[in-house]
file model30.txt (compact mmCIF, N, CA and C atoms)
# COMPACT_ATOMS: atom_id res chain seq x y z
N MET F 120 -219.40 12.90 83.44
CA MET F 120 -220.76 12.52 83.18
C MET F 120 -220.77 11.10 82.62
N PHE F 121 -221.69 10.29 83.10
CA PHE F 121 -221.80 8.90 82.66
C PHE F 121 -222.36 8.82 81.25
N HIS F 122 -221.76 8.00 80.43
CA HIS F 122 -222.26 7.77 79.08
C HIS F 122 -222.56 6.29 78.92
N ALA F 123 -223.82 5.98 78.75
CA ALA F 123 -224.24 4.59 78.60
C ALA F 123 -223.73 4.03 77.28
N GLU F 124 -223.39 2.78 77.31
CA GLU F 124 -223.07 2.05 76.10
C GLU F 124 -224.38 1.51 75.55
N PHE F 125 -224.58 1.62 74.26
CA PHE F 125 -225.79 1.10 73.66
C PHE F 125 -225.55 -0.35 73.26
N PRO F 126 -226.46 -1.25 73.64
CA PRO F 126 -226.26 -2.66 73.30
C PRO F 126 -226.39 -2.87 71.80
N ASP F 127 -225.70 -3.87 71.31
CA ASP F 127 -225.79 -4.25 69.90
C ASP F 127 -226.88 -5.31 69.79
N ILE F 128 -227.88 -5.04 68.98
CA ILE F 128 -229.00 -5.97 68.83
C ILE F 128 -228.96 -6.55 67.42
N ALA F 129 -228.62 -7.83 67.33
CA ALA F 129 -228.56 -8.50 66.04
C ALA F 129 -229.92 -9.04 65.61
N ASP F 130 -230.77 -9.34 66.59
CA ASP F 130 -232.07 -9.93 66.31
C ASP F 130 -233.03 -8.87 65.75
N LYS F 131 -233.47 -9.07 64.50
CA LYS F 131 -234.32 -8.10 63.82
C LYS F 131 -235.63 -7.87 64.57
N ALA F 132 -236.24 -8.93 65.06
CA ALA F 132 -237.51 -8.79 65.78
C ALA F 132 -237.32 -7.94 67.03
N GLU F 133 -236.24 -8.16 67.76
CA GLU F 133 -235.99 -7.37 68.97
C GLU F 133 -235.73 -5.91 68.59
N ARG F 134 -234.95 -5.67 67.53
CA ARG F 134 -234.64 -4.30 67.10
C ARG F 134 -235.92 -3.56 66.71
N GLU F 135 -236.81 -4.24 65.98
CA GLU F 135 -237.99 -3.58 65.44
C GLU F 135 -239.20 -3.58 66.37
N GLU F 136 -239.30 -4.54 67.25
CA GLU F 136 -240.49 -4.66 68.09
C GLU F 136 -240.19 -4.65 69.58
N GLY F 137 -238.92 -4.74 69.94
CA GLY F 137 -238.56 -4.85 71.35
C GLY F 137 -238.48 -3.51 72.06
N SER F 138 -238.03 -3.56 73.29
CA SER F 138 -237.98 -2.36 74.13
C SER F 138 -236.57 -1.86 74.40
N ILE F 139 -235.57 -2.46 73.76
CA ILE F 139 -234.18 -2.04 74.00
C ILE F 139 -233.81 -0.94 73.01
N PHE F 140 -233.36 0.19 73.54
CA PHE F 140 -232.89 1.29 72.69
C PHE F 140 -231.46 1.02 72.28
N SER F 141 -231.25 0.88 70.98
CA SER F 141 -229.92 0.59 70.44
C SER F 141 -229.79 1.27 69.08
N PRO F 142 -229.43 2.56 69.08
CA PRO F 142 -229.35 3.27 67.80
C PRO F 142 -228.40 2.58 66.83
N THR F 143 -228.80 2.57 65.56
CA THR F 143 -227.97 2.01 64.50
C THR F 143 -227.19 3.15 63.87
N PHE F 144 -225.93 3.26 64.23
CA PHE F 144 -225.07 4.33 63.71
C PHE F 144 -224.51 3.91 62.36
N ASP F 145 -224.29 4.87 61.47
CA ASP F 145 -223.72 4.56 60.16
C ASP F 145 -222.22 4.30 60.27
N ASP F 146 -221.56 4.14 59.14
CA ASP F 146 -220.13 3.82 59.16
C ASP F 146 -219.26 4.95 59.69
N LYS F 147 -219.83 6.14 59.84
CA LYS F 147 -219.11 7.27 60.45
C LYS F 147 -219.49 7.44 61.91
N GLY F 148 -220.33 6.54 62.43
CA GLY F 148 -220.73 6.60 63.83
C GLY F 148 -221.85 7.59 64.09
N LEU F 149 -222.66 7.89 63.06
CA LEU F 149 -223.69 8.91 63.18
C LEU F 149 -225.08 8.33 62.92
N VAL F 150 -226.07 8.99 63.50
CA VAL F 150 -227.47 8.71 63.25
C VAL F 150 -228.15 10.04 62.92
N THR F 151 -229.06 10.02 61.95
CA THR F 151 -229.78 11.22 61.53
C THR F 151 -230.85 11.59 62.54
N CYS F 152 -230.99 12.89 62.81
CA CYS F 152 -232.02 13.36 63.73
C CYS F 152 -232.76 14.54 63.12
N VAL F 153 -234.07 14.40 62.97
CA VAL F 153 -234.94 15.48 62.52
C VAL F 153 -235.48 16.17 63.77
N VAL F 154 -235.44 17.49 63.78
CA VAL F 154 -235.88 18.26 64.94
C VAL F 154 -237.20 18.95 64.61
N VAL F 155 -238.21 18.72 65.47
CA VAL F 155 -239.56 19.23 65.26
C VAL F 155 -239.99 20.04 66.47
N ASP F 156 -240.61 21.19 66.24
CA ASP F 156 -241.13 22.04 67.31
C ASP F 156 -242.43 21.42 67.85
N VAL F 157 -242.48 21.13 69.15
CA VAL F 157 -243.69 20.53 69.74
C VAL F 157 -244.88 21.48 69.70
N ALA F 158 -244.63 22.78 69.63
CA ALA F 158 -245.72 23.75 69.67
C ALA F 158 -246.60 23.68 68.43
N ASP F 159 -245.99 23.45 67.25
CA ASP F 159 -246.79 23.50 66.02
C ASP F 159 -246.34 22.50 64.95
N ASP F 160 -245.48 21.56 65.33
CA ASP F 160 -245.00 20.51 64.42
C ASP F 160 -244.18 21.03 63.23
N THR F 161 -243.63 22.23 63.33
CA THR F 161 -242.74 22.73 62.29
C THR F 161 -241.45 21.94 62.31
N ILE F 162 -241.01 21.48 61.14
CA ILE F 162 -239.70 20.83 61.05
C ILE F 162 -238.66 21.94 61.09
N LEU F 163 -237.83 21.91 62.13
CA LEU F 163 -236.86 22.98 62.34
C LEU F 163 -235.54 22.73 61.64
N MET F 164 -235.03 21.52 61.74
CA MET F 164 -233.70 21.24 61.19
C MET F 164 -233.46 19.74 61.13
N LEU F 165 -232.39 19.37 60.46
CA LEU F 165 -231.90 18.01 60.42
C LEU F 165 -230.42 18.08 60.77
N ALA F 166 -230.00 17.17 61.63
CA ALA F 166 -228.59 17.14 62.02
C ALA F 166 -228.22 15.70 62.36
N PHE F 167 -227.01 15.51 62.79
CA PHE F 167 -226.51 14.16 63.08
C PHE F 167 -226.05 14.07 64.53
N MET F 168 -226.21 12.88 65.08
CA MET F 168 -225.77 12.62 66.44
C MET F 168 -224.83 11.43 66.43
N ASN F 169 -223.79 11.49 67.26
CA ASN F 169 -223.00 10.30 67.54
C ASN F 169 -223.46 9.78 68.89
N ALA F 170 -222.85 8.71 69.38
CA ALA F 170 -223.29 8.12 70.66
C ALA F 170 -223.19 9.13 71.80
N GLU F 171 -222.14 9.93 71.82
CA GLU F 171 -221.99 10.92 72.89
C GLU F 171 -223.10 11.96 72.84
N ALA F 172 -223.46 12.42 71.64
CA ALA F 172 -224.52 13.41 71.51
C ALA F 172 -225.87 12.84 71.95
N VAL F 173 -226.13 11.58 71.60
CA VAL F 173 -227.37 10.94 72.04
C VAL F 173 -227.40 10.88 73.56
N ASN F 174 -226.30 10.42 74.16
CA ASN F 174 -226.22 10.34 75.62
C ASN F 174 -226.40 11.71 76.28
N LEU F 175 -225.69 12.72 75.78
CA LEU F 175 -225.80 14.05 76.37
C LEU F 175 -227.24 14.58 76.25
N THR F 176 -227.87 14.34 75.13
CA THR F 176 -229.25 14.77 74.93
C THR F 176 -230.17 14.12 75.95
N LEU F 177 -230.04 12.81 76.12
CA LEU F 177 -230.90 12.09 77.06
C LEU F 177 -230.59 12.46 78.51
N GLU F 178 -229.32 12.68 78.83
CA GLU F 178 -228.93 12.99 80.21
C GLU F 178 -229.25 14.42 80.63
N THR F 179 -229.11 15.38 79.70
CA THR F 179 -229.28 16.79 80.06
C THR F 179 -230.64 17.35 79.71
N GLY F 180 -231.34 16.72 78.77
CA GLY F 180 -232.62 17.26 78.33
C GLY F 180 -232.48 18.39 77.33
N GLU F 181 -231.25 18.67 76.90
CA GLU F 181 -231.01 19.65 75.84
C GLU F 181 -230.35 18.94 74.67
N VAL F 182 -230.78 19.27 73.46
CA VAL F 182 -230.35 18.51 72.30
C VAL F 182 -228.91 18.87 71.91
N HIS F 183 -228.12 17.84 71.73
CA HIS F 183 -226.73 17.93 71.29
C HIS F 183 -226.59 17.20 69.96
N PHE F 184 -225.66 17.65 69.15
CA PHE F 184 -225.39 17.02 67.86
C PHE F 184 -223.90 16.81 67.71
N TRP F 185 -223.54 16.12 66.63
CA TRP F 185 -222.15 16.01 66.21
C TRP F 185 -222.00 16.92 65.00
N SER F 186 -221.15 17.91 65.11
CA SER F 186 -220.88 18.81 63.99
C SER F 186 -219.87 18.15 63.07
N ARG F 187 -220.32 17.83 61.87
CA ARG F 187 -219.42 17.19 60.91
C ARG F 187 -218.36 18.17 60.42
N SER F 188 -218.70 19.45 60.33
CA SER F 188 -217.71 20.42 59.84
C SER F 188 -216.64 20.73 60.89
N ARG F 189 -217.05 20.79 62.17
CA ARG F 189 -216.09 21.09 63.23
C ARG F 189 -215.50 19.84 63.87
N GLN F 190 -216.12 18.69 63.58
CA GLN F 190 -215.69 17.42 64.19
C GLN F 190 -215.72 17.53 65.71
N ALA F 191 -216.86 18.02 66.22
CA ALA F 191 -217.00 18.24 67.67
C ALA F 191 -218.46 18.17 68.07
N ILE F 192 -218.68 17.89 69.35
CA ILE F 192 -220.03 17.94 69.91
C ILE F 192 -220.52 19.38 69.85
N TRP F 193 -221.79 19.53 69.54
CA TRP F 193 -222.39 20.84 69.37
C TRP F 193 -223.70 20.87 70.16
N LYS F 194 -223.76 21.71 71.17
CA LYS F 194 -224.98 21.90 71.94
C LYS F 194 -225.74 23.04 71.30
N LYS F 195 -226.84 22.70 70.65
CA LYS F 195 -227.62 23.70 69.91
C LYS F 195 -228.06 24.81 70.85
N GLY F 196 -227.80 26.05 70.45
CA GLY F 196 -228.21 27.21 71.22
C GLY F 196 -227.21 27.70 72.23
N GLU F 197 -226.07 27.02 72.32
CA GLU F 197 -225.07 27.40 73.32
C GLU F 197 -224.59 28.85 73.13
N THR F 198 -224.44 29.28 71.89
CA THR F 198 -224.01 30.66 71.66
C THR F 198 -225.18 31.58 71.28
N SER F 199 -226.17 31.05 70.57
CA SER F 199 -227.29 31.89 70.11
C SER F 199 -228.37 32.09 71.16
N GLY F 200 -228.46 31.18 72.13
CA GLY F 200 -229.54 31.24 73.12
C GLY F 200 -230.80 30.53 72.67
N ASN F 201 -230.82 30.07 71.43
CA ASN F 201 -231.98 29.35 70.89
C ASN F 201 -231.82 27.86 71.15
N ARG F 202 -231.93 27.51 72.43
CA ARG F 202 -231.71 26.13 72.87
C ARG F 202 -232.87 25.24 72.45
N LEU F 203 -232.57 23.97 72.29
CA LEU F 203 -233.59 22.97 71.99
C LEU F 203 -233.78 22.10 73.23
N VAL F 204 -234.90 22.30 73.91
CA VAL F 204 -235.21 21.54 75.11
C VAL F 204 -235.99 20.30 74.68
N LEU F 205 -235.44 19.15 74.98
CA LEU F 205 -236.03 17.89 74.55
C LEU F 205 -237.33 17.62 75.28
N ARG F 206 -238.37 17.33 74.53
CA ARG F 206 -239.65 16.92 75.11
C ARG F 206 -239.93 15.46 74.82
N GLU F 207 -239.40 14.94 73.69
CA GLU F 207 -239.61 13.54 73.33
C GLU F 207 -238.58 13.17 72.27
N LEU F 208 -238.02 11.97 72.41
CA LEU F 208 -237.10 11.46 71.40
C LEU F 208 -237.70 10.17 70.86
N LEU F 209 -237.88 10.13 69.56
CA LEU F 209 -238.46 8.98 68.87
C LEU F 209 -237.41 8.34 67.98
N THR F 210 -237.53 7.04 67.77
CA THR F 210 -236.67 6.36 66.81
C THR F 210 -237.54 5.59 65.84
N ASP F 211 -237.03 5.36 64.64
CA ASP F 211 -237.79 4.62 63.65
C ASP F 211 -237.65 3.11 63.87
N CYS F 212 -238.25 2.34 62.97
CA CYS F 212 -238.35 0.89 63.15
C CYS F 212 -237.01 0.19 63.29
N ASP F 213 -236.00 0.59 62.53
CA ASP F 213 -234.70 -0.08 62.65
C ASP F 213 -233.67 0.76 63.40
N GLN F 214 -234.15 1.79 64.05
CA GLN F 214 -233.36 2.63 64.96
C GLN F 214 -232.17 3.33 64.29
N ASP F 215 -232.34 3.66 62.99
CA ASP F 215 -231.25 4.38 62.31
C ASP F 215 -231.60 5.84 61.98
N ALA F 216 -232.72 6.31 62.52
CA ALA F 216 -233.11 7.71 62.40
C ALA F 216 -233.94 8.07 63.61
N MET F 217 -233.85 9.34 64.02
CA MET F 217 -234.59 9.78 65.19
C MET F 217 -235.30 11.10 64.91
N ILE F 218 -236.32 11.35 65.69
CA ILE F 218 -237.01 12.64 65.70
C ILE F 218 -236.92 13.18 67.12
N ALA F 219 -236.40 14.39 67.23
CA ALA F 219 -236.38 15.08 68.53
C ALA F 219 -237.50 16.10 68.50
N ARG F 220 -238.48 15.89 69.34
CA ARG F 220 -239.56 16.87 69.50
C ARG F 220 -239.13 17.80 70.62
N VAL F 221 -239.05 19.08 70.31
CA VAL F 221 -238.41 20.04 71.20
C VAL F 221 -239.26 21.28 71.45
N GLU F 222 -238.89 21.95 72.52
CA GLU F 222 -239.34 23.32 72.78
C GLU F 222 -238.12 24.18 72.49
N ILE F 223 -238.28 25.16 71.62
CA ILE F 223 -237.15 26.01 71.27
C ILE F 223 -237.24 27.30 72.07
N THR F 224 -236.12 27.71 72.66
CA THR F 224 -236.10 28.89 73.54
C THR F 224 -235.54 30.09 72.79
N GLY F 225 -235.38 31.18 73.49
CA GLY F 225 -234.79 32.39 72.92
C GLY F 225 -235.70 33.00 71.88
N ASP F 226 -235.11 33.33 70.73
CA ASP F 226 -235.86 33.94 69.63
C ASP F 226 -236.61 32.91 68.80
N ARG F 227 -236.52 31.63 69.21
CA ARG F 227 -237.18 30.51 68.51
C ARG F 227 -236.66 30.37 67.08
N VAL F 228 -235.38 30.66 66.89
CA VAL F 228 -234.72 30.54 65.60
C VAL F 228 -233.85 29.29 65.62
N ALA F 229 -234.06 28.40 64.68
CA ALA F 229 -233.26 27.16 64.63
C ALA F 229 -232.15 27.23 63.59
N CYS F 230 -232.33 28.01 62.54
CA CYS F 230 -231.37 28.02 61.43
C CYS F 230 -230.28 29.08 61.63
N HIS F 231 -229.07 28.73 61.21
CA HIS F 231 -227.96 29.68 61.34
C HIS F 231 -228.13 30.91 60.45
N THR F 232 -229.10 30.86 59.50
CA THR F 232 -229.37 32.02 58.64
C THR F 232 -230.25 33.04 59.33
N GLY F 233 -230.73 32.71 60.54
CA GLY F 233 -231.61 33.60 61.26
C GLY F 233 -233.09 33.29 61.07
N ARG F 234 -233.39 32.25 60.31
CA ARG F 234 -234.77 31.84 60.10
C ARG F 234 -235.20 30.84 61.16
N ARG F 235 -236.49 30.73 61.33
CA ARG F 235 -237.01 29.80 62.33
C ARG F 235 -236.67 28.36 61.98
N SER F 236 -236.79 28.00 60.71
CA SER F 236 -236.52 26.64 60.25
C SER F 236 -235.44 26.66 59.18
N CYS F 237 -234.67 25.58 59.12
CA CYS F 237 -233.68 25.43 58.05
C CYS F 237 -234.35 25.11 56.71
N PHE F 238 -235.61 24.71 56.76
CA PHE F 238 -236.34 24.34 55.55
C PHE F 238 -237.19 25.52 55.09
N TYR F 239 -236.54 26.51 54.49
CA TYR F 239 -237.20 27.75 54.11
C TYR F 239 -237.34 27.94 52.60
N ARG F 240 -236.97 26.91 51.82
CA ARG F 240 -237.14 26.99 50.36
C ARG F 240 -237.80 25.71 49.86
N HIS F 241 -238.60 25.86 48.82
CA HIS F 241 -239.18 24.67 48.19
C HIS F 241 -238.72 24.62 46.74
N ILE F 242 -238.82 23.46 46.15
CA ILE F 242 -238.30 23.19 44.82
C ILE F 242 -239.46 23.23 43.82
N ASP F 243 -239.31 24.05 42.79
CA ASP F 243 -240.34 24.21 41.76
C ASP F 243 -239.72 24.02 40.39
N LYS F 244 -240.55 23.59 39.45
CA LYS F 244 -240.10 23.46 38.05
C LYS F 244 -240.37 24.78 37.35
N ALA F 245 -239.33 25.36 36.77
CA ALA F 245 -239.44 26.63 36.05
C ALA F 245 -240.02 26.38 34.66
N ASP F 246 -240.42 27.46 33.99
CA ASP F 246 -241.00 27.36 32.65
C ASP F 246 -240.04 26.70 31.66
N ASP F 247 -238.73 26.87 31.87
CA ASP F 247 -237.75 26.28 30.95
C ASP F 247 -237.43 24.82 31.29
N GLY F 248 -238.13 24.27 32.27
CA GLY F 248 -237.95 22.86 32.62
C GLY F 248 -236.88 22.59 33.68
N THR F 249 -236.17 23.63 34.10
CA THR F 249 -235.15 23.45 35.13
C THR F 249 -235.80 23.54 36.51
N TRP F 250 -235.09 23.04 37.49
CA TRP F 250 -235.59 23.08 38.86
C TRP F 250 -235.01 24.30 39.57
N ARG F 251 -235.86 25.03 40.26
CA ARG F 251 -235.48 26.27 40.95
C ARG F 251 -235.94 26.24 42.40
N LEU F 252 -235.28 27.03 43.19
CA LEU F 252 -235.67 27.17 44.60
C LEU F 252 -236.46 28.46 44.79
N SER F 253 -237.54 28.36 45.56
CA SER F 253 -238.36 29.53 45.90
C SER F 253 -238.46 29.58 47.41
N PHE F 254 -238.46 30.79 47.95
CA PHE F 254 -238.56 30.95 49.39
C PHE F 254 -239.98 30.65 49.85
N THR F 255 -240.05 29.92 50.95
CA THR F 255 -241.33 29.60 51.58
C THR F 255 -241.71 30.79 52.46
N PRO F 256 -242.94 31.26 52.36
CA PRO F 256 -243.35 32.39 53.23
C PRO F 256 -243.22 32.00 54.70
N GLU F 257 -242.74 32.93 55.50
CA GLU F 257 -242.61 32.67 56.94
C GLU F 257 -243.83 33.12 57.67

call {"tool": "encode", "arguments": {"input": "model30.txt", "output": "structure tokens"}}
result
Amino acid sequence: MFHAEFPDIADKAEREEGSIFSPTFDDKGLVTCVVVDVADDTILMLAFMNAEAVNLTLETGEVHFWSRSRQAIWKKGETSGNRLVLRELLTDCDQDAMIARVEITGDRVACHTGRRSCFYRHIDKADDGTWRLSFTPE
């Protein structure tokens, strides 16, 4: 499968206002990607992509990531059946973060815990002044 090389854009104006896609990878070769369900704008998960994962996502239409724990490409839903079908890929102004707007298949579960979203807890201040996690109603 062909993997495009992303051009290096040094010119700030071109990076921020131009039409050339050139993701800004961090020192580990990764870019952050937030995954959002196109059906209802639920934030499903956050993961990282390397250049190969970005290419595979754009070429196949299914979202791929770089698994930092396994040090390998990870096609979301390959074993669970809860695939992420890409509907739109957005990048921010300096191209160092992306949003993948997706249609989720299968049971529509994105989190490895079996929940729809990985963001299932919110942070609250307890009476004793400490910070606690509370489950968000599904």

call {"tool": "residues_around", "arguments": {"input": "model30.txt", "residues": "range 165-177 of chain F", "least_positions_apart": "3", "cutoff": "6.5 Å", "atoms": "only N, CA and C atoms", "output": "VMD selection string"}}
result
chain F and resid 122 to 123 148 to 154 180 to 186

call {"tool": "write_last_selection", "arguments": {"input": "model30.txt", "atoms": "N, CA and C atoms", "output": "PDB file, in the frame of the given file"}}
result
ATOM      1  N   HIS F 122    -221.760   8.000  80.430  1.00  0.00           N
ATOM      2  CA  HIS F 122    -222.260   7.770  79.080  1.00  0.00           C
ATOM      3  C   HIS F 122    -222.560   6.290  78.920  1.00  0.00           C
ATOM      4  N   ALA F 123    -223.820   5.980  78.750  1.00  0.00           N
ATOM      5  CA  ALA F 123    -224.240   4.590  78.600  1.00  0.00           C
ATOM      6  C   ALA F 123    -223.730   4.030  77.280  1.00  0.00           C
ATOM      7  N   GLY F 148    -220.330   6.540  62.430  1.00  0.00           N
ATOM      8  CA  GLY F 148    -220.730   6.600  63.830  1.00  0.00           C
ATOM      9  C   GLY F 148    -221.850   7.590  64.090  1.00  0.00           C
ATOM     10  N   LEU F 149    -222.660   7.890  63.060  1.00  0.00           N
ATOM     11  CA  LEU F 149    -223.690   8.910  63.180  1.00  0.00           C
ATOM     12  C   LEU F 149    -225.080   8.330  62.920  1.00  0.00           C
ATOM     13  N   VAL F 150    -226.070   8.990  63.500  1.00  0.00           N
ATOM     14  CA  VAL F 150    -227.470   8.710  63.250  1.00  0.00           C
ATOM     15  C   VAL F 150    -228.150  10.040  62.920  1.00  0.00           C
ATOM     16  N   THR F 151    -229.060  10.020  61.950  1.00  0.00           N
ATOM     17  CA  THR F 151    -229.780  11.220  61.530  1.00  0.00           C
ATOM     18  C   THR F 151    -230.850  11.590  62.540  1.00  0.00           C
ATOM     19  N   CYS F 152    -230.990  12.890  62.810  1.00  0.00           N
ATOM     20  CA  CYS F 152    -232.020  13.360  63.730  1.00  0.00           C
ATOM     21  C   CYS F 152    -232.760  14.540  63.120  1.00  0.00           C
ATOM     22  N   VAL F 153    -234.070  14.400  62.970  1.00  0.00           N
ATOM     23  CA  VAL F 153    -234.940  15.480  62.520  1.00  0.00           C
ATOM     24  C   VAL F 153    -235.480  16.170  63.770  1.00  0.00           C
ATOM     25  N   VAL F 154    -235.440  17.490  63.780  1.00  0.00           N
ATOM     26  CA  VAL F 154    -235.880  18.260  64.940  1.00  0.00           C
ATOM     27  C   VAL F 154    -237.200  18.950  64.610  1.00  0.00           C
ATOM     28  N   GLY F 180    -231.340  16.720  78.770  1.00  0.00           N
ATOM     29  CA  GLY F 180    -232.620  17.260  78.330  1.00  0.00           C
ATOM     30  C   GLY F 180    -232.480  18.390  77.330  1.00  0.00           C
ATOM     31  N   GLU F 181    -231.250  18.670  76.900  1.00  0.00           N
ATOM     32  CA  GLU F 181    -231.010  19.650  75.840  1.00  0.00           C
ATOM     33  C   GLU F 181    -230.350  18.940  74.670  1.00  0.00           C
ATOM     34  N   VAL F 182    -230.780  19.270  73.460  1.00  0.00           N
ATOM     35  CA  VAL F 182    -230.350  18.510  72.300  1.00  0.00           C
ATOM     36  C   VAL F 182    -228.910  18.870  71.910  1.00  0.00           C
ATOM     37  N   HIS F 183    -228.120  17.840  71.730  1.00  0.00           N
ATOM     38  CA  HIS F 183    -226.730  17.930  71.290  1.00  0.00           C
ATOM     39  C   HIS F 183    -226.590  17.200  69.960  1.00  0.00           C
ATOM     40  N   PHE F 184    -225.660  17.650  69.150  1.00  0.00           N
ATOM     41  CA  PHE F 184    -225.390  17.020  67.860  1.00  0.00           C
ATOM     42  C   PHE F 184    -223.900  16.810  67.710  1.00  0.00           C
ATOM     43  N   TRP F 185    -223.540  16.120  66.630  1.00  0.00           N
ATOM     44  CA  TRP F 185    -222.150  16.010  66.210  1.00  0.00           C
ATOM     45  C   TRP F 185    -222.000  16.920  65.000  1.00  0.00           C
ATOM     46  N   SER F 186    -221.150  17.910  65.110  1.00  0.00           N
ATOM     47  CA  SER F 186    -220.880  18.810  63.990  1.00  0.00           C
ATOM     48  C   SER F 186    -219.870  18.150  63.070  1.00  0.00           C
TER      49      SER F 186
END

call {"tool": "atom_distance", "arguments": {"input": "model30.txt", "atom1": "CA of Gly225 in chain F", "atom2": "CA of Lys195 in chain F"}}
result
11.7 Å

call {"tool": "select_by_dssp", "arguments": {"input": "model30.txt", "residues": "chain F", "states": "strand (DSSP E)", "output": "VMD selection string"}}
result
chain F and resid 150 to 156 162 to 168 183 to 186 191 to 194 203 to 210 216 to 223 240 to 244 250 to 254

call {"tool": "select_by_dssp", "arguments": {"input": "model30.txt", "residues": "chain F", "states": "alpha helix (DSSP H)", "output": "list in words"}}
result
Lys131, Ala132, Glu133, Arg134, Glu135, Glu136, Ala170, Glu171, Ala172, Val173, Asn174, Leu175, Thr176, Leu177, Glu178 and Thr179 of chain F

call {"tool": "atom_distance", "arguments": {"input": "model30.txt", "atom1": "CA of Asp146 in chain F", "atom2": "CA of Leu209 in chain F"}}
result
21.4 Å

call {"tool": "closest_residue", "arguments": {"input": "model30.txt", "among": "F:Arg134, F:Arg187, F:Arg220, F:Lys194", "to": "Ala158 in chain F", "atoms": "all atoms listed in the file"}}
result
F:Arg220

call {"tool": "atom_distance", "arguments": {"input": "model30.txt", "atom1": "CA of Glu222 in chain F", "atom2": "atom C of Val155 in chain F"}}
result
7.1 Å
